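*Asks:* The structure follows.
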Amino acid sequence: MNKNKKNKGLTFLETIACVAIIFIVSSFLFYKILKYNEKMDLEKSRRIIQTFFIKYTMRSLYEKSKYQIEIDILNKNLNVKKLNSEIIEKLYLPEKLKYEIIYDNSRNQKFKVDTTKNGNLSKAFTMYIFGYSNQVENRVAFYTFQKERVLKINIYLNRDVKDVNYENILNYHYSQNGQNRIGWMEE
């Protein structure tokens, strides 16, 4: 037998180092995938909300009829029906996100708004969308100008707004920074 034959296996320290490297790389990838999923959910919710409202305000304008839109924050869905009738369409928002509608100095778990026959909404309001960590990420503002017959929807992305989360959104909305949209970038 040859006594100079070397052991070709890994030592205990080499094994621990390999496992640690794999763990660090997989943690980094998991974090990146989570952030990507959050970004896609935020994009999806913005598009669902925007297209839903545009669709039914335009339909109101062309048909000269009214629709009632209900935003159910608890069940995370949007419902539309002709006034005093059954639901025509129901869309679901991404489940992992949180939503809040600020109107009339309060939070609204179920918010109802009617379309007008001239393609607008019966009231203006703001909807906030929160990411996975409950930090505010998007602001969707619905404007109902009397001069314009078409609904105006502005979508704002959070750029510099810090420490605004699901719990303190009502105070932020009516603060100086909230009213002037400081830290937001229009999409």
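Chain labels A, B, ... are given in the sequence in which chains occur in the structure tokens; within each chain residues are numbered consecutively from 1, and ligands are likewise numbered from 1 in the order shown.
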Taking the chain letters and numbering used in this document, name the residues of chain A that DSSP puts in strand (DSSP E or B), as a ChimeraX atom specification.

*Replies:* /A:67-72,77-82,87-92,98-103,106-107,110-115,121,125-130,135-143,152-158,165,184-186

*Asks:* Show which residues sit within 6 Å of Lys117 in chain A, as a PyMOL selection string. Count only C-alpha atoms, and ignore same-chain residues fewer than 6 positions away.

*Replies:* chain A and resi 60-61+64-66

*Asks:* Write the residues you've just listed into a file as a PDB file, in the first residue's frame, and include all heavy atoms for each of them.

*Replies:*
ATOM      1  N   SER A  60     -70.188  54.606 -18.820  1.00  0.00           N
ATOM      2  CA  SER A  60     -71.250  55.533 -18.378  1.00  0.00           C
ATOM      3  C   SER A  60     -71.436  56.670 -19.367  1.00  0.00           C
ATOM      4  O   SER A  60     -72.562  57.067 -19.665  1.00  0.00           O
ATOM      5  CB  SER A  60     -70.919  56.121 -17.016  1.00  0.00           C
ATOM      6  OG  SER A  60     -71.006  55.167 -16.021  1.00  0.00           O
ATOM      7  N   LEU A  61     -70.338  57.187 -19.857  1.00  0.00           N
ATOM      8  CA  LEU A  61     -70.391  58.285 -20.811  1.00  0.00           C
ATOM      9  C   LEU A  61     -71.079  57.860 -22.105  1.00  0.00           C
ATOM     10  O   LEU A  61     -71.966  58.554 -22.605  1.00  0.00           O
ATOM     11  CB  LEU A  61     -68.978  58.791 -21.105  1.00  0.00           C
ATOM     12  CG  LEU A  61     -68.842  59.917 -22.118  1.00  0.00           C
ATOM     13  CD1 LEU A  61     -69.520  61.186 -21.614  1.00  0.00           C
ATOM     14  CD2 LEU A  61     -67.375  60.185 -22.421  1.00  0.00           C
ATOM     15  N   LYS A  64     -74.771  56.674 -21.321  1.00  0.00           N
ATOM     16  CA  LYS A  64     -75.557  57.668 -20.571  1.00  0.00           C
ATOM     17  C   LYS A  64     -76.313  57.010 -19.415  1.00  0.00           C
ATOM     18  O   LYS A  64     -77.487  57.267 -19.175  1.00  0.00           O
ATOM     19  CB  LYS A  64     -76.534  58.413 -21.476  1.00  0.00           C
ATOM     20  CG  LYS A  64     -75.872  59.218 -22.577  1.00  0.00           C
ATOM     21  CD  LYS A  64     -75.068  60.340 -21.994  1.00  0.00           C
ATOM     22  CE  LYS A  64     -74.465  61.194 -23.096  1.00  0.00           C
ATOM     23  NZ  LYS A  64     -73.311  61.904 -22.688  1.00  0.00           N
ATOM     24  N   SER A  65     -75.599  56.143 -18.715  1.00  0.00           N
ATOM     25  CA  SER A  65     -76.177  55.452 -17.559  1.00  0.00           C
ATOM     26  C   SER A  65     -75.193  55.520 -16.389  1.00  0.00           C
ATOM     27  O   SER A  65     -74.038  55.883 -16.562  1.00  0.00           O
ATOM     28  CB  SER A  65     -76.487  54.000 -17.904  1.00  0.00           C
ATOM     29  OG  SER A  65     -75.306  53.316 -18.243  1.00  0.00           O
ATOM     30  N   LYS A  66     -75.671  55.162 -15.227  1.00  0.00           N
ATOM     31  CA  LYS A  66     -74.842  55.208 -14.021  1.00  0.00           C
ATOM     32  C   LYS A  66     -74.519  53.797 -13.552  1.00  0.00           C
ATOM     33  O   LYS A  66     -75.321  52.884 -13.701  1.00  0.00           O
ATOM     34  CB  LYS A  66     -75.573  55.947 -12.904  1.00  0.00           C
ATOM     35  CG  LYS A  66     -75.759  57.420 -13.149  1.00  0.00           C
ATOM     36  CD  LYS A  66     -76.428  58.061 -11.947  1.00  0.00           C
ATOM     37  CE  LYS A  66     -76.584  59.546 -12.142  1.00  0.00           C
ATOM     38  NZ  LYS A  66     -77.196  60.177 -10.968  1.00  0.00           N
TER      39      LYS A  66
END

*Asks:* Just want the 7 Å neighbourhood of range 36-43 of chain A, counted on only C-alpha atoms, with same-chain residues fewer than 6 positions away dropped. Output as a ChimeraX atom specification.

*Replies:* /A:94,131-132

*Asks:* Residues at most 12 Å from Tyr172 in chain A, counting only C-alpha atoms, excluding those fewer than 3 positions away in the same chain, as a ChimeraX atom specification?

*Replies:* /A:102,105,128,136,161-169,175-182

*Asks:* Write out as an MDAnalysis selection string the residues lying within 10 Å of Tyr156 in chain A, counting only C-alpha atoms and excluding same-chain residues fewer than 5 positions away.

*Replies:* chainID A and resid 46 128 137:141 181 183:187

*Asks:* For range 76-80 of chain A, please output as JSON, numbers by chain all residues within 8 Å (counting only C-alpha atoms; exclusion window: fewer than 5 positions along the same chain).

*Replies:* {"A": [67, 68, 69, 70, 71, 87, 88, 89, 90, 91, 92, 93, 94, 95, 99]}

*Asks:* For C-alpha atoms, I'd like the residues from the last selection saved as a PDB file, in the first residue's frame.

*Replies:*
ATOM      1  CA  TYR A  67     -72.896  52.436 -12.336  1.00  0.00           C
ATOM      2  CA  GLN A  68     -72.164  51.862  -8.680  1.00  0.00           C
ATOM      3  CA  ILE A  69     -68.602  50.836  -7.849  1.00  0.00           C
ATOM      4  CA  GLU A  70     -67.810  49.297  -4.483  1.00  0.00           C
ATOM      5  CA  ILE A  71     -64.264  48.883  -3.229  1.00  0.00           C
ATOM      6  CA  ILE A  87     -73.019  42.676  -9.654  1.00  0.00           C
ATOM      7  CA  ILE A  88     -71.855  42.927 -13.264  1.00  0.00           C
ATOM      8  CA  GLU A  89     -68.150  42.437 -12.654  1.00  0.00           C
ATOM      9  CA  LYS A  90     -65.915  41.587  -9.716  1.00  0.00           C
ATOM     10  CA  LEU A  91     -62.127  41.928  -9.769  1.00  0.00           C
ATOM     11  CA  TYR A  92     -59.727  40.824  -7.057  1.00  0.00           C
ATOM     12  CA  LEU A  93     -56.686  42.805  -5.954  1.00  0.00           C
ATOM     13  CA  PRO A  94     -53.395  41.096  -4.958  1.00  0.00           C
ATOM     14  CA  GLU A  95     -53.842  39.490  -1.544  1.00  0.00           C
ATOM     15  CA  TYR A  99     -55.200  49.080   0.735  1.00  0.00           C
TER      16      TYR A  99
END

*Asks:* CA of Ala124 in chain A and CA of Lys98 in chain A, how far apart in Å?

*Replies:*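 CA of Ala124 in chain A lies 20.5 Å from CA of Lys98 in chain A.
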
*Asks:* Among the residues of range 3-186 of chain A, find those DSSP assigns to alpha helix (DSSP H) from the backbone and print them as a ChimeraX atom specification.

*Replies:* /A:12-63,169-173,176-179

*Asks:* Write out as a list in words which residues come within 7 Å of Thr144 in chain A when counting only C-alpha atoms, dropping same-chain ones fewer than 3 positions away.

*Replies:*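 Counting only C-alpha atoms, the residues come to Asn120, Leu121, Lys123, Ala124, Leu151 and Lys152 of chain A.
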
*Asks:* Could you write those residues out with C-alpha atoms, as a short mmCIF file (atom, residue, chain, number, x, y, z; two decimals), in the first residue's frame?

*Replies:*
data_model
loop_
_atom_site.label_atom_id
_atom_site.label_comp_id
_atom_site.auth_asym_id
_atom_site.auth_seq_id
_atom_site.Cartn_x
_atom_site.Cartn_y
_atom_site.Cartn_z
CA ASN A 120 -67.05 61.10 -14.11
CA LEU A 121 -67.38 59.95 -10.50
CA LYS A 123 -66.94 62.02 -5.44
CA ALA A 124 -63.17 62.45 -5.40
CA LEU A 151 -62.35 61.23 -14.78
CA LYS A 152 -58.75 62.14 -13.99
#
